[in-house]
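Heads up: the structure comes next, in structure tokens.
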Protein chains: 2
Amino acid sequence: MVITREKIDKRFVDLFESTFGFTREEFDHLLTYFEVLTLKKKEHYFRAGDVCRQQAYINKGCTRTYVLDNEGHERILFFAFEDWWIGDLESYYTQKPGVNFVQALEDCELLIIKRDLFQKLALENPKMQQWYTYKVQRAANAMWRRLSEVKTESPEERYLNMLNTQPQVIDRVPLQHIAAYLNIEPQSLSRLRKRISKKI
Amino acid sequence: MVITREKIDKRFVDLFESTFGFTREEFDHLLTYFEVLTLKKKEHYFRAGDVCRQQAYINKGCTRTYVLDNEGHERILFFAFEDWWIGDLESYYTQKPGVNFVQALEDCELLIIKRDLFQKLALENPKMQQWYTYKVQRAANAMWRRLSEVKTESPEERYLNMLNTQPQVIDRVPLQHIAAYLNIEPQSLSRLRKRISKKI
DNA sequence: CGTCTATTTGAATGTACTCAAAAGCGGTGG
DNA sequence: CCACCGCTTTTGAGTACATTCAAATAGACG
């Protein structure tokens, strides 16, 4: 499937053209290296044990990234929506098996670029390398903030913050997964919601 | 104070020379741009609200990086020892005020390089830029793993893992700070230790 | 040696968990 | 279009475990 400028999220175009100064020609050329990957709801994009060999941009849909604890419970690290990049960052860098799972929560359309292709392009165009550093830096910042949140806020506080800052999570993600994200049982989240609705 | 090759942690030299292919001359030249900063025990290297304008390598000593929760409790994100880099990564990148505190737990000797100086060097020598990407990538990986740990392991499991993988934490860090790292009260960690010692 | 802080121990409390079951909802096939 | 099935969410009751408050002991530092 051919990817055209019109079919993709405007933010994707802007990131390359406005933020990293790709010319229109450079960007259109870059686009030819991307492929479209569609996922059905509940399908996995990545599983622990896989080696991550590509970068993936969510053009449409949403996913959850989770790990398993010792009892086999799924613990969700984050949800990703349109204009996010997903995958296993460490596995991509080291080319060793990853530890995360990434699963579609809705039907998804991803734009992917293979690692070896990307590395070739990065040699030709230093803007690609800058863009990668930027992406890693952003991921590091996001993980850092997430860790701070988990350590400083109660599940209730984190839920209320989510209501304000990421309402799409509440709209698009089922309760059980939000509970796994907050590290509480679904029953507890149900009671928490009831408590909150009474206050309003 | 002049920094000589002999005075610094061997791992520092190896990272630049073996991993990033600096020649002896390149490395010795780079060294002239670093400064030594010493911290007394309990002194802060960085405070929330500061802008991070330099990178710092721990040549000797250890630190804790923490944030404050809504009640003003100090929540420790991680401890850092010899051969770690400390600071506020996001603030360094964005040059906006940071949210972390970094405090010396022992008398420390840090090797620091100013941000503007580093950026000038990175333009001259692409290996510097590679090294920065590597450092950010490592930080992202570390944060990701830390987040996974916090989400999948109980305080007791995390304590036992620490015994195996980072015994220096138990040796060098007082109980109250380990408790703040595990997100439990000092009393609970004291009881936890008692429980564990009975099992052995 | 004395003071201040860190750690340990005890008892009571509260909150989220577990187990269990009912109600609600969505999707599928007749 | 409706009925059924499976999965999700809600509700209830009892339990376990970390927390809180309080006090004693131990340890560090001048």
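In the structure tokens, the first chain shown is A, the next is B, and so on; residue numbers restart at 1 for each chain, and ligands run from 1 in the order shown.
Any residue of chain C with an atom no more than 12 Å from chain A counts as a contact; using only C-alpha atoms (C1' of nucleotides), that gives DT15, DA16, DC17 and DT18 of chain C.
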Go ahead and write the selection's residues with N, CA and C atoms (P, O5', C5', C4', C3', O3' and C1' of nucleotides) as a short mmCIF file (atom, residue, chain, number, x, y, z; two decimals), in the first residue's frame.
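This went into out_14.cif:
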data_model
loop_
_atom_site.label_atom_id
_atom_site.label_comp_id
_atom_site.auth_asym_id
_atom_site.auth_seq_id
_atom_site.Cartn_x
_atom_site.Cartn_y
_atom_site.Cartn_z
P DT C 15 -9.49 4.62 55.09
"O5'" DT C 15 -8.71 4.10 53.80
"C5'" DT C 15 -7.31 3.82 53.87
"C4'" DT C 15 -7.01 2.60 53.02
"C3'" DT C 15 -8.00 2.39 51.87
"O3'" DT C 15 -7.26 2.06 50.72
"C1'" DT C 15 -7.82 0.42 53.13
P DA C 16 -7.90 2.19 49.24
"O5'" DA C 16 -7.33 0.92 48.48
"C5'" DA C 16 -5.97 0.55 48.64
"C4'" DA C 16 -5.84 -0.95 48.57
"C3'" DA C 16 -6.53 -1.58 47.36
"O3'" DA C 16 -5.66 -2.53 46.77
"C1'" DA C 16 -7.30 -2.60 49.34
P DC C 17 -6.00 -3.41 45.49
"O5'" DC C 17 -6.11 -4.89 46.08
"C5'" DC C 17 -5.03 -5.39 46.85
"C4'" DC C 17 -5.45 -6.67 47.54
"C3'" DC C 17 -6.12 -7.67 46.60
"O3'" DC C 17 -5.30 -8.81 46.41
"C1'" DC C 17 -7.40 -7.35 48.61
P DT C 18 -5.81 -9.92 45.33
"O5'" DT C 18 -6.76 -10.88 46.20
"C5'" DT C 18 -6.24 -11.60 47.32
"C4'" DT C 18 -7.36 -12.43 47.91
"C3'" DT C 18 -8.04 -13.35 46.90
"O3'" DT C 18 -8.06 -14.69 47.39
"C1'" DT C 18 -9.65 -12.00 48.03
#
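If we count only C-alpha atoms (C1' of nucleotides), these residues of chain A sit within 12 Å of chain D: Pro174, Leu175, Gln176, His177, Ala179, Glu185, Pro186, Gln187, Ser188, Leu189, Ser190, Arg191, Leu192, Arg193 and Lys194 of chain A.
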Could you write out the selected residues, including N, CA and C atoms, as a compact mmCIF listing (two decimals), in the first residue's frame?
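Result went into out.txt, see below:
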# COMPACT_ATOMS: atom_id res chain seq x y z
N PRO A 174 -11.16 0.10 28.33
CA PRO A 174 -12.03 -0.54 29.31
C PRO A 174 -11.47 -0.51 30.73
N LEU A 175 -12.37 -0.53 31.68
CA LEU A 175 -12.04 -0.42 33.11
C LEU A 175 -10.92 -1.36 33.57
N GLN A 176 -11.01 -2.61 33.17
CA GLN A 176 -10.02 -3.58 33.64
C GLN A 176 -8.59 -3.17 33.28
N HIS A 177 -8.43 -2.54 32.12
CA HIS A 177 -7.08 -2.14 31.71
C HIS A 177 -6.63 -0.87 32.43
N ALA A 179 -7.47 -0.24 35.41
CA ALA A 179 -7.10 -0.77 36.72
C ALA A 179 -5.68 -1.34 36.68
N GLU A 185 -7.00 -3.60 41.64
CA GLU A 185 -7.91 -4.60 41.09
C GLU A 185 -9.10 -3.90 40.44
N PRO A 186 -9.68 -4.53 39.41
CA PRO A 186 -10.85 -3.94 38.76
C PRO A 186 -11.97 -3.60 39.76
N GLN A 187 -12.18 -4.47 40.74
CA GLN A 187 -13.20 -4.18 41.75
C GLN A 187 -12.92 -2.85 42.46
N SER A 188 -11.65 -2.63 42.78
CA SER A 188 -11.30 -1.40 43.49
C SER A 188 -11.53 -0.17 42.63
N LEU A 189 -11.24 -0.29 41.32
CA LEU A 189 -11.46 0.86 40.44
C LEU A 189 -12.95 1.14 40.31
N SER A 190 -13.74 0.09 40.26
CA SER A 190 -15.19 0.28 40.18
C SER A 190 -15.68 1.04 41.41
N ARG A 191 -15.20 0.65 42.59
CA ARG A 191 -15.60 1.36 43.81
C ARG A 191 -15.07 2.78 43.83
N LEU A 192 -13.84 2.95 43.34
CA LEU A 192 -13.24 4.28 43.28
C LEU A 192 -14.11 5.20 42.41
N ARG A 193 -14.55 4.71 41.27
CA ARG A 193 -15.39 5.52 40.37
C ARG A 193 -16.69 5.92 41.05
N LYS A 194 -17.25 4.98 41.80
CA LYS A 194 -18.51 5.27 42.50
C LYS A 194 -18.28 6.37 43.54
Shell around B:Arg138 at 12 Å using only C-alpha atoms (C1' of nucleotides), local window under 3 positions removed, as a VMD selection string:
(chain A and resid 89 to 91 93 to 94 133 136 to 137 139 to 140) or (chain B and resid 84 to 85 89 131 to 135 141 to 145)
So that I can see what lies close to stretch 110-121 of chain A, please list as a list in words the residues with an atom at most 9 Å from it, counting only C-alpha atoms (C1' of nucleotides) and leaving out residues fewer than 2 positions away in the same chain.
Ile3, Ile8, Leu30, Tyr33, Phe34, Glu35, Val36, Leu37, Thr38, Leu39, Cys52, Arg53, Gln54, Gln55, Ala56, Tyr57, Ile58, Asn59, Lys60, Gly61, Tyr92, Cys108, Leu123, Glu124, Asn125, Pro126, Met128 and Gln129 of chain A
Pick from A:Val99, A:Cys62, A:Leu160, A:Ala80, whichever lies nearest to chain B using only C-alpha atoms:
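Nearest to chain B: A:Val99.
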